[in-house]
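The structure file protein37.txt is reproduced below (compact mmCIF, C-alpha atoms).
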```txt
# COMPACT_ATOMS: atom_id res chain seq x y z
CA MET D 1 -51.07 29.06 -28.34
CA LEU D 2 -48.35 31.54 -27.72
CA ALA D 3 -45.73 28.85 -28.29
CA SER D 4 -47.10 28.00 -31.73
CA ARG D 5 -47.09 31.72 -32.59
CA LEU D 6 -43.44 31.79 -31.53
CA PHE D 7 -42.72 28.77 -33.72
CA SER D 8 -44.22 30.34 -36.78
CA LEU D 9 -42.06 33.40 -36.21
CA VAL D 10 -38.80 31.62 -35.66
CA GLY D 11 -39.42 28.78 -38.08
CA ARG D 12 -40.05 25.21 -37.13
CA ARG D 13 -36.79 23.89 -38.53
CA SER D 14 -34.40 25.64 -36.18
CA ILE D 15 -36.15 24.31 -33.07
CA CYS D 16 -35.24 20.74 -33.98
CA THR D 17 -31.46 20.97 -33.28
CA SER D 18 -29.88 18.11 -31.32
CA LEU D 19 -33.05 16.16 -30.66
CA CYS D 20 -33.71 15.75 -34.34
CA LEU D 21 -30.11 14.83 -35.06
CA ARG D 22 -30.38 11.88 -32.66
CA ALA D 23 -33.75 10.85 -33.97
CA HIS D 24 -32.52 10.82 -37.57
CA GLY D 25 -29.72 8.47 -36.48
CA HIS D 26 -26.89 10.44 -38.07
CA ALA D 27 -24.20 7.89 -37.22
CA GLY D 28 -20.91 9.57 -36.22
CA VAL D 29 -22.47 12.98 -35.66
CA VAL D 30 -23.75 12.32 -32.18
CA LYS D 31 -23.20 8.81 -30.91
CA ALA D 32 -23.70 7.44 -27.43
CA GLU D 33 -20.57 7.86 -25.28
CA ASP D 34 -18.91 4.69 -24.07
CA TYR D 35 -19.47 5.59 -20.47
CA THR D 36 -23.24 5.67 -21.03
CA LEU D 37 -23.33 2.06 -22.22
CA PRO D 38 -23.39 -1.01 -19.99
CA ALA D 39 -19.82 -1.86 -19.07
CA TYR D 40 -17.78 -4.98 -18.45
CA VAL D 41 -16.28 -5.27 -14.98
CA ASP D 42 -14.03 -7.81 -13.24
CA ARG D 43 -15.46 -8.01 -9.73
CA ARG D 44 -15.86 -10.90 -7.34
CA ASP D 45 -19.40 -9.84 -6.49
CA VAL D 46 -20.46 -9.49 -10.15
CA PRO D 47 -20.20 -13.02 -11.56
CA LEU D 48 -22.01 -12.22 -14.82
CA PRO D 49 -21.18 -8.71 -16.09
CA GLU D 50 -23.68 -6.79 -18.18
CA VAL D 51 -21.77 -7.26 -21.45
CA ALA D 52 -19.23 -9.70 -22.77
CA PHE D 53 -15.61 -8.67 -22.52
CA VAL D 54 -14.87 -8.69 -26.23
CA ARG D 55 -17.24 -6.41 -28.08
CA ASP D 56 -16.07 -6.56 -31.70
CA LEU D 57 -15.61 -10.11 -32.93
CA SER D 58 -13.40 -11.11 -35.80
CA ALA D 59 -14.82 -13.35 -38.52
CA GLN D 60 -13.17 -16.35 -36.90
CA GLN D 61 -14.73 -15.50 -33.55
CA ARG D 62 -18.15 -14.96 -35.09
CA ALA D 63 -17.92 -18.38 -36.70
CA LEU D 64 -17.15 -19.80 -33.27
CA LYS D 65 -20.18 -18.08 -31.79
CA GLU D 66 -22.29 -19.67 -34.51
CA LYS D 67 -20.84 -23.06 -33.63
CA GLU D 68 -21.73 -22.37 -30.00
CA LYS D 69 -25.38 -22.33 -30.98
CA ALA D 70 -25.17 -26.01 -31.86
CA SER D 71 -24.39 -28.84 -29.45
CA TRP D 72 -21.66 -27.93 -26.99
CA SER D 73 -20.20 -31.43 -26.97
CA ALA D 74 -19.06 -30.69 -30.52
CA LEU D 75 -16.73 -27.97 -29.21
CA SER D 76 -13.10 -28.76 -28.49
CA VAL D 77 -11.47 -27.71 -25.23
CA GLU D 78 -9.57 -24.87 -26.91
CA GLU D 79 -12.79 -23.59 -28.45
CA LYS D 80 -14.51 -23.64 -25.08
CA VAL D 81 -11.63 -21.73 -23.54
CA GLU D 82 -11.75 -19.24 -26.42
CA LEU D 83 -15.48 -18.73 -25.86
CA TYR D 84 -14.79 -18.18 -22.16
CA ARG D 85 -12.12 -15.60 -22.91
CA LEU D 86 -14.51 -13.81 -25.29
CA LYS D 87 -16.99 -13.45 -22.49
CA PHE D 88 -14.67 -12.81 -19.56
CA ASN D 89 -11.42 -10.97 -19.04
CA GLU D 90 -10.04 -12.49 -15.85
CA SER D 91 -11.09 -15.74 -14.26
CA TYR D 92 -11.87 -15.76 -10.56
CA ALA D 93 -8.50 -17.29 -9.87
CA GLU D 94 -6.81 -14.47 -11.75
CA MET D 95 -8.98 -11.88 -10.04
CA ASN D 96 -8.25 -13.19 -6.57
CA LYS D 97 -4.55 -13.61 -7.13
CA GLY D 98 -2.46 -11.62 -4.71
CA THR D 99 0.32 -9.31 -5.77
CA ASN D 100 3.82 -8.58 -4.58
CA GLU D 101 2.86 -5.01 -3.80
CA TRP D 102 3.49 -5.49 -0.07
CA LYS D 103 7.19 -5.94 -0.68
CA THR D 104 7.49 -2.56 -2.38
CA ILE D 105 5.40 -0.89 0.29
CA LEU D 106 7.24 -2.40 3.25
CA GLY D 107 10.61 -1.77 1.63
CA GLY D 108 9.69 1.83 0.99
CA VAL D 109 8.47 2.33 4.54
CA LEU D 110 11.67 0.90 6.00
CA PHE D 111 13.75 3.03 3.66
CA PHE D 112 12.14 6.25 4.76
CA LEU D 113 12.34 5.27 8.42
CA GLY D 114 16.04 4.70 7.78
CA PHE D 115 16.21 8.17 6.29
CA THR D 116 14.77 9.48 9.55
CA GLY D 117 17.70 7.85 11.30
CA LEU D 118 20.06 9.73 9.00
CA ILE D 119 18.44 12.97 10.06
CA ILE D 120 19.08 12.06 13.70
CA ILE D 121 22.73 11.37 12.91
CA TRP D 122 23.00 14.79 11.30
CA GLN D 123 21.36 16.42 14.30
CA LYS D 124 23.69 14.72 16.76
CA HIS D 125 26.72 15.75 14.77
CA PHE D 126 25.85 19.33 13.88
CA MET D 127 23.17 20.46 16.26
CA TYR D 128 23.13 18.84 19.68
CA GLY D 129 25.50 20.19 22.30
CA PRO D 130 27.49 17.99 24.70
CA ILE D 131 25.56 15.74 27.08
CA PRO D 132 25.21 17.24 30.60
CA HIS D 133 27.92 16.09 33.05
CA THR D 134 25.26 14.55 35.26
CA PHE D 135 25.09 11.63 32.83
CA SER D 136 28.65 10.50 33.41
CA GLU D 137 29.23 7.05 34.94
CA GLU D 138 30.41 8.38 38.32
CA TRP D 139 27.59 10.85 38.70
CA MET D 140 24.93 8.29 37.67
CA SER D 141 26.13 5.70 40.16
CA ALA D 142 26.34 8.25 42.99
CA GLN D 143 22.92 9.52 42.03
CA THR D 144 21.48 6.02 42.09
CA LYS D 145 22.89 5.34 45.55
CA ARG D 146 21.42 8.57 46.84
CA MET D 147 18.03 7.60 45.37
CA LEU D 148 18.18 4.24 47.12
CA ASP D 149 19.39 5.79 50.41
CA MET D 150 16.38 8.07 50.56
CA LYS D 151 14.13 5.13 49.59
CA MET D 152 12.79 6.87 46.52
CA ASN D 153 9.67 5.21 45.04
CA PRO D 154 9.66 2.26 47.46
CA VAL D 155 6.36 0.75 46.31
CA GLU D 156 6.84 0.07 42.62
CA GLY D 157 9.78 2.23 41.58
CA VAL D 158 13.54 2.10 41.85
CA SER D 159 13.81 1.29 45.59
CA ALA D 160 11.32 -1.54 45.18
CA LYS D 161 13.63 -3.12 42.61
CA TRP D 162 16.69 -3.00 44.90
CA ASP D 163 17.38 -5.77 47.42
CA PHE D 164 18.55 -3.87 50.53
CA ASP D 165 19.63 -7.04 52.36
CA LYS D 166 21.84 -8.48 49.65
CA ASN D 167 22.86 -5.06 48.37
CA GLU D 168 22.10 -5.77 44.74
CA TRP D 169 19.36 -5.34 42.23
CA LYS D 170 16.48 -7.78 42.64
CA LYS D 171 16.51 -10.60 40.13
CA ALA W 1 -12.74 -1.45 -13.67
CA ARG W 2 -13.86 -1.33 -17.24
CA GLY W 3 -12.29 -4.02 -19.33
CA ILE W 4 -10.50 -3.01 -22.47
CA GLN W 5 -12.89 -3.67 -25.36
CA HIS W 6 -10.80 -5.07 -28.14
CA THR W 7 -10.69 -7.95 -30.58
CA SER W 8 -9.22 -10.77 -28.58
CA VAL W 9 -5.64 -11.71 -29.34
CA ARG W 10 -5.21 -15.42 -28.85
CA GLN W 11 -2.34 -15.01 -26.42
CA ALA W 12 -3.73 -11.93 -24.62
CA HIS W 13 -4.54 -13.65 -21.36
CA ARG W 14 -1.97 -16.36 -21.23
CA LYS W 15 0.72 -14.36 -19.49
CA HIS W 16 0.31 -11.12 -17.62
CA GLU W 17 3.23 -8.72 -17.78
CA PRO W 18 5.31 -8.79 -14.60
CA THR W 19 4.55 -5.66 -12.60
CA PHE W 20 7.04 -3.39 -10.91
CA HIS W 21 6.41 -5.29 -7.69
CA ASP W 22 7.17 -8.63 -9.33
CA LYS W 23 10.42 -7.37 -10.78
CA TYR W 24 11.80 -5.20 -7.99
CA GLY W 25 9.68 -5.88 -4.91
CA ALA W 26 12.06 -8.28 -3.21
CA MET W 27 15.01 -6.00 -3.90
CA VAL W 28 13.21 -2.96 -2.52
CA LEU W 29 12.22 -4.88 0.58
CA LEU W 30 15.70 -6.19 1.31
CA GLY W 31 17.37 -2.89 0.45
CA GLY W 32 15.00 -0.98 2.70
CA ALA W 33 15.47 -3.43 5.55
CA ALA W 34 19.27 -3.29 5.21
CA MET W 35 19.30 0.50 5.14
CA PHE W 36 16.97 0.70 8.13
CA SER W 37 18.85 -1.78 10.29
CA SER W 38 22.28 -0.32 9.51
CA VAL W 39 21.28 3.30 10.11
CA TRP W 40 19.34 2.63 13.30
CA GLY W 41 21.93 0.15 14.55
CA TYR W 42 24.44 2.97 14.32
CA VAL W 43 22.11 5.51 15.91
CA LEU W 44 21.23 3.28 18.83
CA THR W 45 24.74 2.15 19.70
CA GLN W 46 27.54 4.24 18.22
CA LEU W 47 26.26 7.74 18.21
CA ASN W 48 26.57 8.38 21.94
CA ILE W 49 23.02 9.55 22.36
CA GLU W 50 21.80 9.54 25.92
CA TRP W 51 18.66 7.43 25.79
CA GLY W 52 18.02 7.77 29.51
CA PHE W 53 17.68 4.09 30.31
CA SER W 54 16.71 3.10 33.82
CA PRO W 55 19.56 2.49 36.30
CA VAL W 56 17.77 -0.66 37.48
CA GLY W 57 19.90 -3.65 36.64
CA ARG W 58 22.45 -1.39 34.94
CA ILE W 59 24.15 0.97 37.37
CA ALA W 60 26.17 -0.17 40.39
CA PRO W 61 25.61 2.42 43.15
CA THR W 62 28.68 4.11 44.65
CA GLU W 63 29.05 6.30 47.69
CA TRP W 64 27.95 9.89 47.29
CA ARG W 65 28.44 11.37 50.75
CA GLU W 66 31.55 13.52 51.01
```
Step by step, read the file and then write its structure as structure tokens.
Amino acid sequence: MLASRLFSLVGRRSICTSLCLRAHGHAGVVKAEDYTLPAYVDRRDVPLPEVAFVRDLSAQQRALKEKEKASWSALSVEEKVELYRLKFNESYAEMNKGTNEWKTILGGVLFFLGFTGLIIIWQKHFMYGPIPHTFSEEWMSAQTKRMLDMKMNPVEGVSAKWDFDKNEWKK
Amino acid sequence: ARGIQHTSVRQAHRKHEPTFHDKYGAMVLLGGAAMFSSVWGYVLTQLNIEWGFSPVGRIAPTEWRE
């Protein structure tokens, strides 16, 4: 009741707006967006997509579609392939084909790991100080003998790996 | 992915354009491997970094008592 009173005040025409535009089918004013329509998709788990791949057919292709309505044995091999390519973009073989992407990826990874090595070279040259004197050959060998003399880690560690009878490392 | 809706060109599917990976993939892989091995070969051997390897099998013990 109140709504109709409101209509008579405002005027019925102006309420129409977009709804009426669509209903009147003003082509080009408001048309359905592509993303709202059923779409073609190349997926292994969708063997028959909702629409054919090629939407707008040329005259030649439309003639072929007409010929398709008759007996299929009348079609040549090229025509059959053309009909297939109208309906589908990639065949399953093309879809499943691998790429060479792994080469780029692996090469890139190795490159940047190599760059990390360059950073370490820079650090050693410009940043690290000298190695402590306890890493010299003489010190290390004396240190090792002292470790063995006090039987350090005799169960599984360094003394366990030394043969005390033959005086050499165990083979 | 949504296929490109277009009037089919007869040769459209016959030959897919070689991708970046087809053209340069092998080169990138070999270049990266060469760079990696050269840099890290240098770091591991020539740079005089103390890696702290175990003395087992490596160091010959010498007398320490004065």
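Counting all atoms listed in the file and comparing D:Arg62, D:Arg85, D:Lys80, D:Lys145, the residue that lies closest to Asn167 of chain D is D:Lys145.
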Neighbours of chain W in chain D at 8 Å, counting all atoms listed in the file, as a ChimeraX atom specification: /D:39-42,53-58,82,85-86,89-90,99-111,113-115,117-118,120-121,124,131,135,138,140-146,158,161-162,169
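Here atom CA of Glu66 of chain D is placed at a distance of 26.5 Å from atom CA of Val46 of chain D.
Take atom CA of Tyr92 of chain D and atom CA of Arg43 of chain D: the distance between them is 8.6 Å.
The gap separating atom CA of Phe88 of chain D from atom CA of Pro49 of chain D is 8.4 Å, in Å to one decimal.
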